[in-house]
Every structure is written in C-alpha cells, then in structure tokens.
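Peer 1: Structure file entry.cif (mmCIF, C-alpha atoms) is given on the next line.
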data_start
loop_
_atom_site.label_atom_id
_atom_site.label_comp_id
_atom_site.auth_asym_id
_atom_site.auth_seq_id
_atom_site.Cartn_x
_atom_site.Cartn_y
_atom_site.Cartn_z
CA MET A 273 2.73 -45.13 8.09
CA TYR A 274 4.83 -44.27 11.11
CA PHE A 275 6.89 -46.32 13.50
CA GLU A 276 6.76 -45.39 17.16
CA GLU A 277 9.26 -46.43 19.78
CA GLY A 278 9.16 -50.20 20.15
CA GLU A 279 8.37 -50.60 16.46
CA LEU A 280 4.63 -50.36 17.02
CA LEU A 281 3.11 -49.94 13.57
CA MET A 282 0.80 -46.95 13.40
CA GLN A 283 -1.65 -45.80 10.78
CA THR A 284 -1.88 -42.18 9.69
CA VAL A 285 -5.18 -40.39 9.18
CA TYR A 286 -4.86 -37.26 7.04
CA ILE A 287 -7.66 -34.70 7.37
CA LEU A 288 -7.53 -32.37 4.36
CA SER A 289 -9.72 -29.39 5.08
CA GLY A 290 -10.27 -25.87 3.77
CA PRO A 291 -13.04 -23.89 2.08
CA ALA A 292 -14.82 -25.17 -1.03
CA GLY A 293 -12.80 -24.58 -4.20
CA VAL A 294 -9.39 -24.63 -2.55
CA GLY A 295 -8.34 -27.92 -4.17
CA LYS A 296 -9.11 -30.50 -1.46
CA SER A 297 -10.19 -33.24 -3.90
CA THR A 298 -7.19 -32.86 -6.22
CA THR A 299 -4.75 -32.81 -3.31
CA SER A 300 -6.47 -35.73 -1.54
CA THR A 301 -6.44 -37.90 -4.65
CA ALA A 302 -2.73 -37.27 -5.18
CA LEU A 303 -2.00 -37.97 -1.51
CA VAL A 304 -3.94 -41.28 -1.56
CA ASP A 305 -1.98 -42.34 -4.62
CA ALA A 306 1.34 -41.49 -2.95
CA LEU A 307 0.60 -43.82 -0.02
CA LYS A 308 1.19 -47.58 -0.12
CA ASN A 309 -2.02 -48.87 1.44
CA SER A 310 -4.63 -46.15 1.63
CA ALA A 311 -8.31 -45.27 1.60
CA TYR A 312 -10.01 -42.10 0.38
CA ILE A 313 -13.08 -40.83 2.24
CA SER A 314 -14.93 -37.96 0.60
CA GLY A 315 -17.04 -36.22 3.24
CA ASP A 316 -19.33 -34.95 0.50
CA ASP A 317 -19.90 -38.50 -0.80
CA VAL A 318 -20.60 -39.77 2.73
CA SER A 319 -22.97 -36.83 3.25
CA HIS A 320 -24.92 -37.62 0.08
CA MET A 321 -25.47 -41.26 1.03
CA HIS A 322 -28.43 -39.84 2.94
CA VAL A 323 -30.71 -39.11 -0.02
CA ARG A 324 -34.32 -38.53 1.03
CA GLY A 325 -34.94 -36.51 4.19
CA ARG A 326 -31.40 -35.12 4.09
CA GLN A 327 -30.81 -31.63 5.47
CA LYS A 328 -27.93 -29.30 4.66
CA PRO A 329 -25.18 -30.19 7.15
CA TRP A 330 -24.34 -26.53 7.76
CA GLU A 331 -27.95 -25.93 8.81
CA SER A 332 -28.56 -29.12 10.81
CA LYS A 333 -26.49 -30.29 13.77
CA SER A 334 -27.96 -33.81 13.62
CA GLU A 335 -27.11 -34.18 9.91
CA LEU A 336 -23.54 -33.00 10.55
CA SER A 337 -23.26 -35.37 13.50
CA LEU A 338 -24.45 -38.31 11.35
CA ILE A 339 -21.84 -37.49 8.69
CA TRP A 340 -19.02 -37.32 11.24
CA ASN A 341 -20.12 -40.59 12.85
CA ASN A 342 -20.07 -42.24 9.43
CA ILE A 343 -16.61 -40.84 8.67
CA LEU A 344 -15.42 -42.03 12.11
CA SER A 345 -16.78 -45.57 11.61
CA LEU A 346 -15.18 -45.93 8.19
CA THR A 347 -11.85 -44.49 9.36
CA ARG A 348 -11.80 -46.81 12.38
CA ASN A 349 -12.40 -49.87 10.19
CA PHE A 350 -9.64 -48.89 7.75
CA VAL A 351 -7.13 -48.11 10.50
CA LEU A 352 -7.79 -51.44 12.23
CA ASN A 353 -7.09 -53.14 8.88
CA GLY A 354 -3.68 -51.42 8.59
CA ILE A 355 -4.82 -48.86 6.03
CA ASP A 356 -3.92 -45.15 6.04
CA VAL A 357 -6.87 -42.82 5.48
CA VAL A 358 -7.27 -39.51 3.65
CA ILE A 359 -10.40 -37.56 4.63
CA ASP A 360 -11.46 -34.85 2.17
CA TYR A 361 -14.00 -32.59 3.89
CA VAL A 362 -14.59 -29.10 5.26
CA THR A 363 -13.34 -29.83 8.79
CA PHE A 364 -13.11 -27.26 11.58
CA PRO A 365 -10.57 -27.67 14.42
CA ASP A 366 -13.16 -28.88 16.96
CA GLU A 367 -14.27 -31.59 14.50
CA ALA A 368 -10.67 -32.68 13.88
CA TYR A 369 -10.05 -32.97 17.64
CA TRP A 370 -13.32 -34.87 18.14
CA LEU A 371 -12.33 -37.34 15.42
CA ARG A 372 -8.82 -37.80 16.80
CA ASP A 373 -10.06 -38.42 20.35
CA LYS A 374 -12.70 -40.93 19.21
CA LEU A 375 -10.16 -42.73 17.01
CA MET A 376 -7.68 -42.94 19.89
CA ASP A 377 -10.36 -44.63 22.00
CA LEU A 378 -11.56 -47.00 19.29
CA THR A 379 -8.14 -48.10 18.02
CA GLN A 380 -6.09 -48.22 21.26
CA ASN A 381 -3.95 -45.29 20.10
CA VAL A 382 -2.51 -46.88 16.95
CA VAL A 383 -3.31 -43.76 14.99
CA TYR A 384 -1.43 -40.59 14.07
CA VAL A 385 -3.60 -37.68 12.88
CA VAL A 386 -2.44 -35.04 10.41
CA TYR A 387 -4.61 -31.94 9.95
CA VAL A 388 -4.07 -29.60 7.01
CA VAL A 389 -6.26 -26.62 6.14
CA LEU A 390 -5.68 -25.62 2.52
CA MET A 391 -6.21 -21.91 1.98
CA THR A 392 -6.03 -19.41 -0.83
CA ASP A 393 -7.16 -15.85 -1.51
CA HIS A 394 -10.80 -14.88 -2.13
CA GLU A 395 -10.29 -14.10 -5.81
CA THR A 396 -8.73 -17.48 -6.68
CA LEU A 397 -11.42 -19.29 -4.70
CA LEU A 398 -14.29 -17.61 -6.53
CA LYS A 399 -12.57 -18.11 -9.89
CA ARG A 400 -12.19 -21.86 -9.24
CA ASP A 401 -15.77 -22.10 -7.99
CA GLN A 402 -17.02 -20.69 -11.27
CA LEU A 403 -15.19 -23.42 -13.20
CA ARG A 404 -17.46 -26.03 -11.57
CA ILE A 405 -20.71 -27.25 -13.06
CA PRO A 406 -23.52 -24.95 -11.86
CA GLU A 407 -25.05 -27.55 -9.48
CA HIS A 408 -21.72 -27.80 -7.62
CA GLN A 409 -21.01 -24.07 -7.41
CA MET A 410 -20.94 -22.74 -3.85
CA GLY A 411 -20.81 -18.99 -4.66
CA GLU A 412 -21.01 -16.83 -1.55
CA ARG A 413 -20.60 -19.83 0.74
CA CYS A 414 -16.91 -20.10 -0.26
CA LEU A 415 -16.27 -16.74 1.38
CA ILE A 416 -18.46 -17.48 4.40
CA LEU A 417 -16.34 -20.61 4.94
CA ILE A 418 -13.10 -18.59 4.94
CA GLN A 419 -14.61 -16.36 7.60
CA GLU A 420 -15.72 -19.38 9.64
CA PHE A 421 -12.16 -20.77 9.53
CA ASN A 422 -10.83 -17.37 10.64
CA GLU A 423 -13.21 -17.41 13.61
CA SER A 424 -12.64 -21.08 14.51
CA GLY A 425 -9.55 -20.51 16.65
CA LEU A 426 -7.46 -22.39 14.09
CA ASN A 427 -3.75 -22.52 14.91
CA ARG A 428 -1.98 -21.07 11.86
CA LYS A 429 0.53 -23.93 11.80
CA TYR A 430 -2.16 -26.11 10.17
CA LEU A 431 -2.59 -23.72 7.24
CA LEU A 432 -1.15 -24.62 3.85
CA ASP A 433 -1.27 -21.81 1.31
CA THR A 434 -2.16 -23.03 -2.19
CA ASP A 435 -1.95 -19.63 -3.94
CA GLN A 436 -0.54 -19.91 -7.44
CA LYS A 437 0.12 -23.64 -6.99
CA ASN A 438 0.04 -25.28 -10.41
CA VAL A 439 -0.18 -28.95 -11.31
CA ASP A 440 3.62 -29.40 -11.34
CA GLU A 441 3.84 -28.18 -7.77
CA ILE A 442 1.39 -30.74 -6.35
CA ASN A 443 4.20 -33.20 -5.61
CA LEU A 444 5.81 -30.59 -3.37
CA VAL A 445 2.51 -30.08 -1.54
CA ILE A 446 2.10 -33.85 -1.05
CA ASP A 447 5.66 -34.14 0.20
CA ASP A 448 5.02 -31.30 2.66
CA ILE A 449 1.82 -32.91 3.98
CA MET A 450 3.50 -36.31 4.41
CA ASN A 451 6.70 -35.13 6.06
CA ASN A 452 6.18 -31.76 7.75
CA LYS A 453 5.59 -32.45 11.46
CA GLN A 454 3.89 -29.07 11.95
CA TYR A 455 0.62 -30.58 10.65
CA SER A 456 0.53 -33.25 13.37
CA LEU A 457 -2.68 -32.63 15.33
CA ASP A 458 -1.54 -32.00 18.89
CA ASP A 459 -2.41 -30.28 22.20
CA MET B 271 -40.82 -47.89 7.80
CA TYR B 272 -42.81 -50.54 9.64
CA PHE B 273 -44.78 -50.46 12.83
CA GLU B 274 -44.61 -53.51 15.04
CA GLU B 275 -47.04 -54.41 17.81
CA GLY B 276 -46.91 -51.72 20.46
CA GLU B 277 -46.21 -49.05 17.85
CA LEU B 278 -42.45 -49.51 18.10
CA LEU B 279 -40.98 -47.60 15.16
CA MET B 280 -38.65 -49.78 13.13
CA GLN B 281 -36.27 -49.01 10.29
CA THR B 282 -36.10 -51.16 7.18
CA VAL B 283 -32.85 -52.22 5.56
CA TYR B 284 -33.28 -53.35 1.95
CA ILE B 285 -30.50 -55.52 0.53
CA LEU B 286 -30.76 -55.49 -3.26
CA SER B 287 -28.58 -58.26 -4.61
CA GLY B 288 -28.13 -60.18 -7.84
CA PRO B 289 -25.44 -60.68 -10.48
CA ALA B 290 -23.73 -57.73 -12.19
CA GLY B 291 -25.87 -56.24 -14.98
CA VAL B 292 -29.23 -57.25 -13.52
CA GLY B 293 -30.28 -53.66 -12.73
CA LYS B 294 -29.38 -53.33 -9.04
CA SER B 295 -28.36 -49.65 -9.28
CA THR B 296 -31.43 -48.55 -11.23
CA THR B 297 -33.78 -50.42 -8.90
CA SER B 298 -31.96 -49.22 -5.76
CA THR B 299 -32.07 -45.58 -6.86
CA ALA B 300 -35.80 -45.78 -7.54
CA LEU B 301 -36.40 -47.52 -4.20
CA VAL B 302 -34.44 -44.87 -2.25
CA ASP B 303 -36.49 -42.14 -3.94
CA ALA B 304 -39.75 -43.90 -3.04
CA LEU B 305 -38.90 -43.87 0.67
CA LYS B 306 -39.44 -40.87 2.94
CA ASN B 307 -36.16 -40.80 4.87
CA SER B 308 -33.57 -43.01 3.24
CA ALA B 309 -29.91 -43.66 2.54
CA TYR B 310 -28.28 -45.37 -0.42
CA ILE B 311 -25.18 -47.48 0.13
CA SER B 312 -23.41 -48.69 -2.98
CA GLY B 313 -21.24 -51.66 -2.06
CA ASP B 314 -19.05 -50.94 -5.07
CA ASP B 315 -18.47 -47.35 -3.92
CA VAL B 316 -17.65 -48.53 -0.39
CA SER B 317 -15.31 -51.14 -1.88
CA HIS B 318 -13.45 -48.52 -3.92
CA MET B 319 -12.83 -46.24 -0.93
CA HIS B 320 -9.82 -48.52 -0.43
CA VAL B 321 -7.65 -47.23 -3.26
CA ARG B 322 -4.01 -48.29 -2.91
CA GLY B 323 -3.32 -51.84 -1.71
CA ARG B 324 -6.88 -52.91 -2.54
CA GLN B 325 -7.45 -56.51 -3.60
CA LYS B 326 -10.37 -57.86 -5.58
CA PRO B 327 -13.04 -58.73 -3.00
CA TRP B 328 -13.90 -62.00 -4.76
CA GLU B 329 -10.27 -63.08 -4.43
CA SER B 330 -9.55 -61.81 -0.90
CA LYS B 331 -11.51 -62.74 2.22
CA SER B 332 -10.01 -59.88 4.23
CA GLU B 333 -10.96 -57.31 1.58
CA LEU B 334 -14.53 -58.64 1.47
CA SER B 335 -14.70 -58.63 5.25
CA LEU B 336 -13.54 -54.98 5.35
CA ILE B 337 -16.24 -54.00 2.84
CA TRP B 338 -18.98 -55.73 4.84
CA ASN B 339 -17.80 -54.16 8.08
CA ASN B 340 -17.93 -50.74 6.43
CA ILE B 341 -21.43 -51.42 5.08
CA LEU B 342 -22.50 -52.63 8.55
CA SER B 343 -21.12 -49.52 10.31
CA LEU B 344 -22.82 -47.13 7.91
CA THR B 345 -26.12 -49.04 8.03
CA ARG B 346 -26.06 -49.10 11.83
CA ASN B 347 -25.48 -45.32 12.00
CA PHE B 348 -28.33 -44.61 9.57
CA VAL B 349 -30.76 -46.96 11.34
CA LEU B 350 -30.00 -45.41 14.73
CA ASN B 351 -30.80 -42.01 13.17
CA GLY B 352 -34.23 -43.20 12.00
CA ILE B 353 -33.21 -43.62 8.36
CA ASP B 354 -34.16 -46.55 6.11
CA VAL B 355 -31.24 -48.00 4.12
CA VAL B 356 -30.95 -49.46 0.62
CA ILE B 357 -27.81 -51.56 0.07
CA ASP B 358 -26.87 -52.15 -3.57
CA TYR B 359 -24.30 -54.95 -3.70
CA VAL B 360 -23.72 -58.53 -4.81
CA THR B 361 -24.83 -60.16 -1.55
CA PHE B 362 -25.00 -63.91 -0.96
CA PRO B 363 -27.45 -65.38 1.60
CA ASP B 364 -24.76 -65.96 4.26
CA GLU B 365 -23.70 -62.32 3.98
CA ALA B 366 -27.30 -61.12 4.29
CA TYR B 367 -27.80 -63.22 7.43
CA TRP B 368 -24.50 -62.02 8.90
CA LEU B 369 -25.53 -58.40 8.33
CA ARG B 370 -28.98 -58.93 9.82
CA ASP B 371 -27.63 -60.64 12.95
CA LYS B 372 -25.00 -57.93 13.51
CA LEU B 373 -27.59 -55.18 13.00
CA MET B 374 -29.98 -56.83 15.46
CA ASP B 375 -27.21 -56.80 18.08
CA LEU B 376 -26.07 -53.24 17.39
CA THR B 377 -29.52 -51.64 17.20
CA GLN B 378 -31.47 -53.57 19.86
CA ASN B 379 -33.68 -55.18 17.21
CA VAL B 380 -35.20 -51.99 15.78
CA VAL B 381 -34.48 -53.22 12.28
CA TYR B 382 -36.43 -55.15 9.64
CA VAL B 383 -34.33 -56.67 6.84
CA VAL B 384 -35.61 -57.19 3.30
CA TYR B 385 -33.50 -59.32 0.95
CA VAL B 386 -34.16 -59.34 -2.78
CA VAL B 387 -32.06 -61.13 -5.39
CA LEU B 388 -32.76 -59.67 -8.82
CA MET B 389 -32.30 -62.24 -11.55
CA THR B 390 -32.61 -62.45 -15.30
CA ASP B 391 -31.54 -64.81 -18.08
CA HIS B 392 -27.95 -65.16 -19.30
CA GLU B 393 -28.61 -63.51 -22.64
CA THR B 394 -30.16 -60.33 -21.17
CA LEU B 395 -27.37 -60.09 -18.61
CA LEU B 396 -24.58 -60.25 -21.18
CA LYS B 397 -26.43 -57.81 -23.44
CA ARG B 398 -26.73 -55.25 -20.60
CA ASP B 399 -23.11 -55.82 -19.62
CA GLN B 400 -21.99 -54.89 -23.13
CA LEU B 401 -23.83 -51.55 -22.85
CA ARG B 402 -21.49 -50.50 -20.04
CA ILE B 403 -18.28 -48.59 -20.58
CA PRO B 404 -15.45 -51.12 -21.16
CA GLU B 405 -13.82 -50.54 -17.73
CA HIS B 406 -17.06 -51.53 -16.00
CA GLN B 407 -17.83 -54.60 -18.13
CA MET B 408 -17.78 -57.82 -16.14
CA GLY B 409 -17.99 -60.27 -19.08
CA GLU B 410 -17.69 -63.90 -18.01
CA ARG B 411 -17.99 -62.96 -14.34
CA CYS B 412 -21.71 -62.19 -14.83
CA LEU B 413 -22.34 -65.86 -15.60
CA ILE B 414 -20.04 -67.10 -12.84
CA LEU B 415 -22.09 -65.00 -10.40
CA ILE B 416 -25.35 -66.61 -11.53
CA GLN B 417 -23.79 -70.00 -10.90
CA GLU B 418 -22.57 -68.88 -7.46
CA PHE B 419 -26.11 -67.76 -6.56
CA ASN B 420 -27.46 -71.12 -7.74
CA GLU B 421 -24.98 -72.91 -5.49
CA SER B 422 -25.47 -70.60 -2.47
CA GLY B 423 -28.51 -72.42 -1.05
CA LEU B 424 -30.64 -69.36 -1.82
CA ASN B 425 -34.32 -69.80 -0.97
CA ARG B 426 -36.19 -69.07 -4.20
CA LYS B 427 -38.68 -66.81 -2.40
CA TYR B 428 -36.02 -64.06 -2.41
CA LEU B 429 -35.71 -64.13 -6.20
CA LEU B 430 -37.26 -61.32 -8.23
CA ASP B 431 -37.26 -61.96 -11.96
CA THR B 432 -36.49 -58.83 -14.00
CA ASP B 433 -36.82 -60.43 -17.44
CA GLN B 434 -38.35 -58.05 -19.96
CA LYS B 435 -38.89 -55.40 -17.30
CA ASN B 436 -38.90 -52.01 -18.96
CA VAL B 437 -38.66 -48.58 -17.39
CA ASP B 438 -42.45 -48.25 -17.02
CA GLU B 439 -42.57 -51.40 -14.96
CA ILE B 440 -40.04 -50.23 -12.36
CA ASN B 441 -42.79 -48.80 -10.17
CA LEU B 442 -44.36 -52.25 -9.96
CA VAL B 443 -41.00 -53.74 -8.97
CA ILE B 444 -40.54 -51.07 -6.25
CA ASP B 445 -44.05 -51.67 -4.98
CA ASP B 446 -43.36 -55.42 -4.83
CA ILE B 447 -40.10 -54.93 -2.91
CA MET B 448 -41.73 -52.55 -0.40
CA ASN B 449 -44.89 -54.54 0.27
CA ASN B 450 -44.35 -58.22 -0.52
CA LYS B 451 -43.63 -59.98 2.79
CA GLN B 452 -41.95 -62.90 1.01
CA TYR B 453 -38.73 -60.88 0.82
CA SER B 454 -38.52 -60.49 4.61
CA LEU B 455 -35.24 -62.15 5.66
CA ASP B 456 -36.28 -64.87 8.08
CA ASP B 457 -35.29 -68.24 9.57
#
Spit out the file's structure as structure tokens when you get a sec.
Peer 2:
Amino acid sequence: MYFEEGELLMQTVYILSGPAGVGKSTTSTALVDALKNSAYISGDDVSHMHVRGRQKPWESKSELSLIWNNILSLTRNFVLNGIDVVIDYVTFPDEAYWLRDKLMDLTQNVVYVVYVVLMTDHETLLKRDQLRIPEHQMGERCLILIQEFNESGLNRKYLLDTDQKNVDEINLVIDDIMNNKQYSLDD
Amino acid sequence: MYFEEGELLMQTVYILSGPAGVGKSTTSTALVDALKNSAYISGDDVSHMHVRGRQKPWESKSELSLIWNNILSLTRNFVLNGIDVVIDYVTFPDEAYWLRDKLMDLTQNVVYVVYVVLMTDHETLLKRDQLRIPEHQMGERCLILIQEFNESGLNRKYLLDTDQKNVDEINLVIDDIMNNKQYSLDD
C-alpha cells in the first residue's frame, strides 16, 4: 500500500512475469504473504477455468483476451475493496500497459502498478522445468518465451535476475520488489 | 446452450449449490465435461484468492460480497464469450436471484440460469465429510448449512436428492440437471 500526496490511500498491483520455470509462483506466494491485505491471482488458474472448448492462449488471441479480461475484472474488484493484488502470469509489456490503463479507468486512479520480469539463464530454466511433473513441463517453450521477452521491447529496468537465488535469498527478492521504485510501471 | 424463439443463442449458467459434503465438486466437474464449451468456477477457489486479511465469508458480509462480485465478473466475461458456466458454491436462493438479475443486466438477457441444490441426509453428509483431509473437514457446519437452507425459503423444486447416488448414477444426475426444466430459476 502506498500513500500519495493528500494521504489518498492507494492499492498496489504487482505483476510478476517471466518465462515458465523462472520461479514466478514461489516468488508470488512469498510476496502475497509479506503484504497485509492481499490477493493472489494465478493467470494459469484463471486460464484453466475455461475447461471445454479452451484453446491454448499462445495460439488464440480470443482465449488470451478472455484470460486478461478475467484477470482485469478480479483485480479491479480487489483493488476497490482495498486489497493489494499479486498477478502471477507470463505477461508481456503491452499486456502490462493494457492492464494498468484499464485499471486506472475502472478505479479512478487509486492504483499503483509494479511490473517485474523474473529472468534466469537457459540452463537453469530447463533444469527447473524438468523437476516438474511431466504434464506441467513446458520443454522448448521455456526458451521460446525468453526469446519473445527479448523481442518484446522490454525496458531492462523491469528485469530481476534470479540466477543462483536460493530459498534463503527470497526475502531479499521480496524486499526488492516491494521497495525498489525501478519496477514501477511508467511512461 | 439453449435456443430461444427467433434462434437467439443463449448461454446457460448452472449454479450447483448445497451443503458442504453433498458432492458439489464431483457433480460440477462431470457437468462441465458434458458441455461443449464450458467454464468451471469454484466459489471456494475464488474465495481463497484473497489470502492475507481474508475473513470467513459466513462471518463477514463484505467478504461474501467480494466473492459474489468476483463470481459475477467471471461469469459475465465467460457468457459474453459464448461459454456456458458451472458455479460450484454454497449458494442460497437470494444469492442465486441476485446473480441472475445482475447477469441479465450485464449481458442484455442472453443468459439462462439453472439453480440446483444438492441435498442428502445428515448421516451421509457427516460420513463424506470425515473422508476429507482434516483441514477441509467442516464438521458441525455441514448440519448448520442444512438448517440454513431449510430456513432460506427455498422452493423445493430446486432440490436434487443425492441419497445413495453412486458413481454410475452420476450420468443420470447430469442428464437431469441439463434437461429438467424444473431447475430453471424463475419468479
């Protein structure tokens, strides 16, 4: 939560992005727990609410649009109830800006958006992917996602390197995400 | 999916209610799978998106209101994308009517709402409750919920008795829910 001039209480929406296997869920869970009044939105869970007739969101614009509209609706409702939100999903810069602009409209600007793209090297990513249960393994798509982030026009200030981060270091990562102004989604 | 006069394509929203332990999840999952293009909304999952600062929805009106607004937003988005919705949650008649009226407004009446309250006897309910992992056991609250349904002014036409229903009979239950007009939420 942030106070603006005039003591207007604002809610913070944290978008934790990055390729599959980079540690988004672990980091998001720890961040939600570090906040006082907070909600956790897993983009994958929202995506899988559509069961029959669902298409892969990376192959269908309408499926991806539905997911983002659902994330937007939930986030709006939480923010208007005074709750900070952590969104755990593969989010490209244009999607983060779209969400921020829509939230500004829907909440009369009482929202502050933080955008963090977790990143690590190819080898670590593939190693972590292989630790998942087979149905959840992404394989090649992990690397395709890194390339897509590289080609997305992402400002490097939003990158957070998680190489060699172990469990003890997660508190430092959370502290960085909560207090480092470089992750504030601007321009 | 239902066709009205004039071939207007409508979406169906199924609200599967009833006390804890009555088999809402099992029935909802089977119903979602039986539909062609469908989404599954677990009220409990939506409720637990609020992690820190969450209050028990049966003790806090604002928490319950937040949950229903989130369910409404998601349902609206699915319906407007041509997707049928199955809502799995303890839903009292006044909540079902509230949801239907809001959906009618938000979707220009392209929605048909089915309301089913699964019910079984006390003994079966407590037996099923004890099969859950301890953290998910509701104990006494199962029986309190039955009493609350009895006192809710529920029209008995919405009741679906699941006594002695075994796994083989679930297809009959699904068929009943999909085709029996008595469950249509009216008046």
Peer 1: Expand the PyMOL selection byres ((chain A) within 12 of (chain B)) into the explicit residue set it covers here, and present it as a ChimeraX atom specification.
Peer 2: /A:300-315,317-327,334-360
Peer 1: Could you tell me which of B:Gln417, B:Gln407, B:Ser287, B:Thr282 comes closest to Asn449 (chain B) if we count only C-alpha atoms?
Peer 2: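 Comparing B:Gln417, B:Gln407, B:Ser287, B:Thr282 against Asn449 (chain B), the winner is B:Thr282.
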Peer 1: Please compute the CA of Tyr367 (chain B)-CA of Leu455 (chain B) distance, one decimal, in Å.
Peer 2: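 Separating CA of Tyr367 (chain B) from CA of Leu455 (chain B) is a distance of 7.7 Å.
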Peer 1: Report as number ranges by chain all protein, DNA and RNA residues lying within 10 Å of Leu415 (chain A), evaluated on all atoms listed in the file, omitting residues in the same chain fewer than 2 positions from it.
Peer 2: A: 291-292, 393-395, 397-398, 410-413, 417-421
Peer 1: CA of Asp401 (chain A) and CA of Gly295 (chain A) are how many Å apart?
Peer 2: 10.2 Å
Peer 1: Do you have the CA of Asn443 (chain A)-CA of Val382 (chain A) distance handy?
Peer 2: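 The value is 27.2 Å.
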Peer 1: Since I can't run it myself right now, could you work out what the PyMOL selection byres ((chain A and resi 455) around 9) selects here and report it as an NGL selection string?
Peer 2: :A and (385-388 or 429-431 or 449-454 or 456-458)
Peer 1: Go ahead and dump the residues you just picked, C-alpha atoms, as a PDB file, in the frame of the given file.
Peer 2:
ATOM      1  CA  VAL A 385      -3.600 -37.680  12.880  1.00  0.00           C
ATOM      2  CA  VAL A 386      -2.440 -35.040  10.410  1.00  0.00           C
ATOM      3  CA  TYR A 387      -4.610 -31.940   9.950  1.00  0.00           C
ATOM      4  CA  VAL A 388      -4.070 -29.600   7.010  1.00  0.00           C
ATOM      5  CA  LYS A 429       0.530 -23.930  11.800  1.00  0.00           C
ATOM      6  CA  TYR A 430      -2.160 -26.110  10.170  1.00  0.00           C
ATOM      7  CA  LEU A 431      -2.590 -23.720   7.240  1.00  0.00           C
ATOM      8  CA  ILE A 449       1.820 -32.910   3.980  1.00  0.00           C
ATOM      9  CA  MET A 450       3.500 -36.310   4.410  1.00  0.00           C
ATOM     10  CA  ASN A 451       6.700 -35.130   6.060  1.00  0.00           C
ATOM     11  CA  ASN A 452       6.180 -31.760   7.750  1.00  0.00           C
ATOM     12  CA  LYS A 453       5.590 -32.450  11.460  1.00  0.00           C
ATOM     13  CA  GLN A 454       3.890 -29.070  11.950  1.00  0.00           C
ATOM     14  CA  SER A 456       0.530 -33.250  13.370  1.00  0.00           C
ATOM     15  CA  LEU A 457      -2.680 -32.630  15.330  1.00  0.00           C
ATOM     16  CA  ASP A 458      -1.540 -32.000  18.890  1.00  0.00           C
TER      17      ASP A 458
END
Peer 1: Quick one: everything within 10 Å of Val443 (chain B), counting only C-alpha atoms, minus sequence neighbours fewer than 6 positions away in the same chain. Send it as number ranges by chain.
Peer 2: B: 297, 300-301, 430-432, 435
Peer 1: Write out, as a CSV table (one decimal), in the frame of the given file, the residues just selected, with C-alpha atoms.
Peer 2:
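File produced: selection_10.csv:
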chain,number,residue,atom,x,y,z
B,297,THR,CA,-33.8,-50.4,-8.9
B,300,ALA,CA,-35.8,-45.8,-7.5
B,301,LEU,CA,-36.4,-47.5,-4.2
B,430,LEU,CA,-37.3,-61.3,-8.2
B,431,ASP,CA,-37.3,-62.0,-12.0
B,432,THR,CA,-36.5,-58.8,-14.0
B,435,LYS,CA,-38.9,-55.4,-17.3
Peer 1: Might you pull out every residue within 6 Å of Gly288 (chain B), with all atoms listed in the file counted and same-chain residues fewer than 2 positions away left off, and present them as a PDB file with C-alpha atoms, in the coordinates of the input?
Peer 2:
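Output saved as selection_18.pdb:
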ATOM      1  CA  VAL B 360     -23.720 -58.530  -4.810  1.00  0.00           C
ATOM      2  CA  VAL B 387     -32.060 -61.130  -5.390  1.00  0.00           C
ATOM      3  CA  LEU B 388     -32.760 -59.670  -8.820  1.00  0.00           C
ATOM      4  CA  MET B 389     -32.300 -62.240 -11.550  1.00  0.00           C
TER       5      MET B 389
END
